[in-house]
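Trainee: Structure file final_38.csv (CSV, C-alpha atoms) is given on the next line.
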chain,number,residue,atom,x,y,z
A,778,MET,CA,59.9,7.5,0.3
A,779,SER,CA,59.5,3.9,-0.8
A,780,ASP,CA,57.7,2.6,-3.9
A,781,TYR,CA,56.6,-0.5,-2.1
A,782,HIS,CA,52.8,-0.7,-1.2
A,783,PRO,CA,51.9,-3.9,0.6
A,784,GLU,CA,48.1,-3.3,0.2
A,785,LEU,CA,48.5,-3.7,-3.6
A,786,ASP,CA,50.1,-7.2,-3.0
A,787,GLY,CA,46.9,-8.6,-1.6
A,788,TYR,CA,48.4,-8.8,1.8
A,789,GLU,CA,46.6,-7.2,4.7
A,790,PRO,CA,49.1,-6.4,7.4
A,791,HIS,CA,46.4,-6.3,10.2
A,792,ASP,CA,44.5,-9.5,9.4
A,793,ASP,CA,45.4,-11.0,12.8
A,794,ARG,CA,43.5,-8.3,14.8
A,795,ARG,CA,40.1,-8.9,16.3
A,796,PRO,CA,37.0,-7.4,14.6
A,797,LEU,CA,36.3,-3.7,15.1
A,798,ARG,CA,32.9,-4.3,16.8
A,799,GLY,CA,31.8,-7.2,19.0
A,800,ARG,CA,29.0,-9.6,18.4
A,801,ARG,CA,26.6,-7.8,20.7
A,802,VAL,CA,27.2,-4.4,19.1
A,803,THR,CA,26.7,-5.9,15.6
A,804,ILE,CA,23.4,-7.5,16.7
A,805,ALA,CA,22.2,-4.3,18.3
A,806,MET,CA,23.1,-2.3,15.2
A,807,ARG,CA,21.1,-4.7,13.0
A,808,VAL,CA,18.1,-4.5,15.3
A,809,VAL,CA,18.3,-0.7,15.2
A,810,VAL,CA,18.5,-0.7,11.4
A,811,VAL,CA,15.5,-3.1,11.0
A,812,LEU,CA,13.4,-1.0,13.4
A,813,GLY,CA,14.4,2.2,11.5
A,814,LEU,CA,13.3,0.7,8.2
A,815,ILE,CA,10.0,-0.4,9.7
A,816,ALA,CA,9.5,3.1,11.2
A,817,LEU,CA,10.1,4.5,7.7
A,818,VAL,CA,7.9,2.1,5.7
A,819,VAL,CA,4.8,1.5,8.0
A,820,PRO,CA,3.6,5.2,8.2
A,821,GLY,CA,3.7,5.4,4.4
A,822,VAL,CA,1.7,2.2,3.9
A,823,LEU,CA,-0.9,3.3,6.5
A,824,THR,CA,-1.2,6.7,4.9
A,825,SER,CA,-1.7,5.2,1.5
A,826,MET,CA,-4.3,2.9,2.8
A,827,GLN,CA,-6.2,5.8,4.5
A,828,VAL,CA,-6.0,7.9,1.3
A,829,ALA,CA,-7.3,5.0,-0.8
A,830,ALA,CA,-10.2,4.4,1.7
A,831,VAL,CA,-11.3,8.0,1.7
A,832,THR,CA,-11.0,8.2,-2.1
A,833,ALA,CA,-13.0,5.0,-2.6
A,834,ALA,CA,-15.7,6.3,-0.2
A,835,HIS,CA,-16.1,9.6,-2.1
A,836,ALA,CA,-16.0,7.9,-5.5
A,837,CYS,CA,-18.6,5.3,-4.4
A,838,ALA,CA,-20.9,8.1,-3.0
A,839,GLY,CA,-20.8,9.8,-6.4
A,840,ALA,CA,-21.5,6.6,-8.3
A,841,VAL,CA,-24.4,5.6,-6.0
A,842,ALA,CA,-25.9,9.1,-6.3
A,843,ARG,CA,-25.7,8.8,-10.1
A,844,TYR,CA,-26.8,5.2,-10.7
A,845,TYR,CA,-29.0,4.4,-7.6
A,846,PRO,CA,-30.4,7.7,-6.3
A,847,ASN,CA,-33.0,6.0,-4.1
A,848,ALA,CA,-30.3,4.0,-2.2
A,849,GLU,CA,-30.0,4.5,1.5
A,850,ARG,CA,-26.2,4.8,1.6
A,851,PRO,CA,-23.1,3.9,-0.3
A,852,ASP,CA,-20.6,1.3,0.9
A,853,SER,CA,-17.1,0.9,-0.4
A,854,ARG,CA,-14.6,-1.8,0.6
A,855,PHE,CA,-11.5,-3.6,-0.6
A,856,ASP,CA,-12.3,-7.2,-1.8
A,857,LEU,CA,-9.9,-9.8,-2.9
A,858,THR,CA,-12.6,-11.8,-4.8
A,859,GLY,CA,-15.4,-9.3,-5.3
A,860,PRO,CA,-17.7,-9.0,-8.3
A,861,GLY,CA,-15.3,-6.6,-10.0
A,862,GLY,CA,-12.1,-8.6,-9.2
A,863,LEU,CA,-9.3,-7.6,-6.9
A,864,GLY,CA,-9.6,-4.0,-5.6
A,865,TRP,CA,-12.1,-1.6,-4.2
A,866,GLN,CA,-15.8,-2.4,-4.8
A,867,CYS,CA,-18.7,0.0,-4.6
A,868,TYR,CA,-22.1,-1.1,-3.3
A,869,ALA,CA,-25.4,0.7,-2.8
A,870,VAL,CA,-27.3,-0.3,0.4
A,871,ASP,CA,-31.1,0.1,0.3
A,872,ARG,CA,-33.5,0.5,3.2
A,873,ASN,CA,-33.7,-3.3,3.7
A,874,GLU,CA,-29.9,-3.5,4.1
A,875,ARG,CA,-29.6,-5.3,0.8
A,876,GLU,CA,-26.4,-4.6,-1.1
A,877,ILE,CA,-26.4,-3.9,-4.8
A,878,PHE,CA,-23.1,-4.0,-6.6
A,879,VAL,CA,-22.6,-0.7,-8.4
A,880,LEU,CA,-19.1,-0.8,-10.0
A,881,PRO,CA,-15.5,-1.7,-9.3
A,882,LEU,CA,-13.2,1.2,-8.3
A,883,GLY,CA,-9.9,-0.7,-9.0
A,884,ILE,CA,-6.9,-1.2,-6.8
A,885,ILE,CA,-6.2,2.5,-6.8
A,886,PRO,CA,-9.6,4.1,-6.5
A,887,ALA,CA,-10.5,7.1,-8.6
A,888,ALA,CA,-13.7,8.9,-9.6
A,889,PRO,CA,-16.0,6.8,-11.7
A,890,ARG,CA,-16.0,7.4,-15.5
A,891,PRO,CA,-19.3,7.9,-17.2
A,892,VAL,CA,-20.7,4.8,-18.8
A,893,PRO,CA,-21.6,5.1,-22.5
A,894,ALA,CA,-25.3,5.2,-23.2
A,895,GLY,CA,-26.9,1.8,-23.9
A,896,ILE,CA,-24.6,-0.3,-21.8
A,897,ARG,CA,-26.2,0.2,-18.5
A,898,SER,CA,-30.0,0.1,-18.1
Can I see the file as C-alpha cells?
Mentor:
Amino acid sequence: MSDYHPELDGYEPHDDRRPLRGRRVTIAMRVVVVLGLIALVVPGVLTSMQVAAVTAAHACAGAVARYYPNAERPDSRFDLTGPGGLGWQCYAVDRNEREIFVLPLGIIPAAPRPVPAGIRS
C-alpha cells in the first residue's frame, strides 16, 4: 500500500474526460427542476390567497353587521391604495349600491377588534 494520494496534490487524474452529462440532458434537468419548484410553490400561494379571501369575507360580514346593520351586503377586497392602506378593505353596500368604507382588515385578515367607545360615532 502506497502513502501517495494524488487527489491531495490538487491534481485530478481524470480532467481530460468529457462531462458526465451532455448539454441536452443538463438543460432538460434544469427545466424539470424549475417546473418542480413551480409545482410546489403555486398551490401554496393559491391556497393562501383563498384562505385570506374567505377570512376577509367573514370578518367583513361581522363588521358590517355590527357597525352598519341596515346595509344590504358586505364587500371585502384587496386594495393596494385603499382608504386603510395596503391590504384587505371592508365596505358596506347599501340598497342604492353605494359603498361605505367600514374598516381595514390588514394584509392578513382577521376578525375585527372592538373599537373603544367614543372613537366611532
Trainee: At a cut-off of 7 Å, using all atoms listed in the file, what residues contact A:Ala869? Leave out same-chain residues fewer than 6 positions from it and give the result as a PyMOL selection string.
Mentor: chain A and resi 841+848+850-852+876-879
Trainee: Calculated over all atoms listed in the file, which of the candidates A:Pro820, A:Pro881, A:Gly839, A:Pro846 has the smallest distance to A:Gln866?
Mentor: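 For A:Gln866, the nearest of the given residues is A:Pro881.
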Trainee: So which residues touch A:Val831 within 12 Å, counting only C-alpha atoms, skipping near sequence neighbours fewer than 6 positions away, as a PDB file with C-alpha atoms, in the coordinates of the input?
Mentor:
ATOM      1  CA  THR A 824      -1.200   6.700   4.900  1.00  0.00           C
ATOM      2  CA  SER A 825      -1.700   5.200   1.500  1.00  0.00           C
ATOM      3  CA  CYS A 837     -18.600   5.300  -4.400  1.00  0.00           C
ATOM      4  CA  ALA A 838     -20.900   8.100  -3.000  1.00  0.00           C
ATOM      5  CA  ASP A 852     -20.600   1.300   0.900  1.00  0.00           C
ATOM      6  CA  SER A 853     -17.100   0.900  -0.400  1.00  0.00           C
ATOM      7  CA  ARG A 854     -14.600  -1.800   0.600  1.00  0.00           C
ATOM      8  CA  PHE A 855     -11.500  -3.600  -0.600  1.00  0.00           C
ATOM      9  CA  TRP A 865     -12.100  -1.600  -4.200  1.00  0.00           C
ATOM     10  CA  ILE A 885      -6.200   2.500  -6.800  1.00  0.00           C
ATOM     11  CA  PRO A 886      -9.600   4.100  -6.500  1.00  0.00           C
ATOM     12  CA  ALA A 887     -10.500   7.100  -8.600  1.00  0.00           C
ATOM     13  CA  ALA A 888     -13.700   8.900  -9.600  1.00  0.00           C
TER      14      ALA A 888
END
Trainee: Find the residue from A:Leu863, A:Ala816, A:Val808, A:Leu882 that sits nearest to A:Ala834; use all atoms listed in the file when measuring.
Mentor: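 Among the listed residues, the smallest separation from A:Ala834 belongs to A:Leu882.
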Trainee: Atom CA of A:Ala829 to atom CA of A:Gly883: how many Å, to one decimal?
Mentor: 10.3 Å
Trainee: Just checking: using all atoms listed in the file, which residue out of A:Leu880, A:Ala805, A:Leu785, A:Val811 ends up closest to A:Arg843?
Mentor: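 Using all atoms listed in the file, A:Arg843 sits closest to A:Leu880.
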Trainee: Considering only C-alpha atoms, can you say which of A:Arg807, A:Arg875, A:His782, A:Arg801 comes closest to A:Glu849?
Mentor: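 Ranking A:Arg807, A:Arg875, A:His782, A:Arg801 by distance to A:Glu849, first place goes to A:Arg875.
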Trainee: I'd like the interatomic distance between atom CA of A:Tyr868 and atom CA of A:Tyr845, to a tenth of an Å.
Mentor: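 A separation of 9.8 Å between them.
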Trainee: Quick one: pull the distance between atom CA of A:Gln827 and atom CA of A:Ile884, Å, one decimal.
Mentor: 13.3 Å
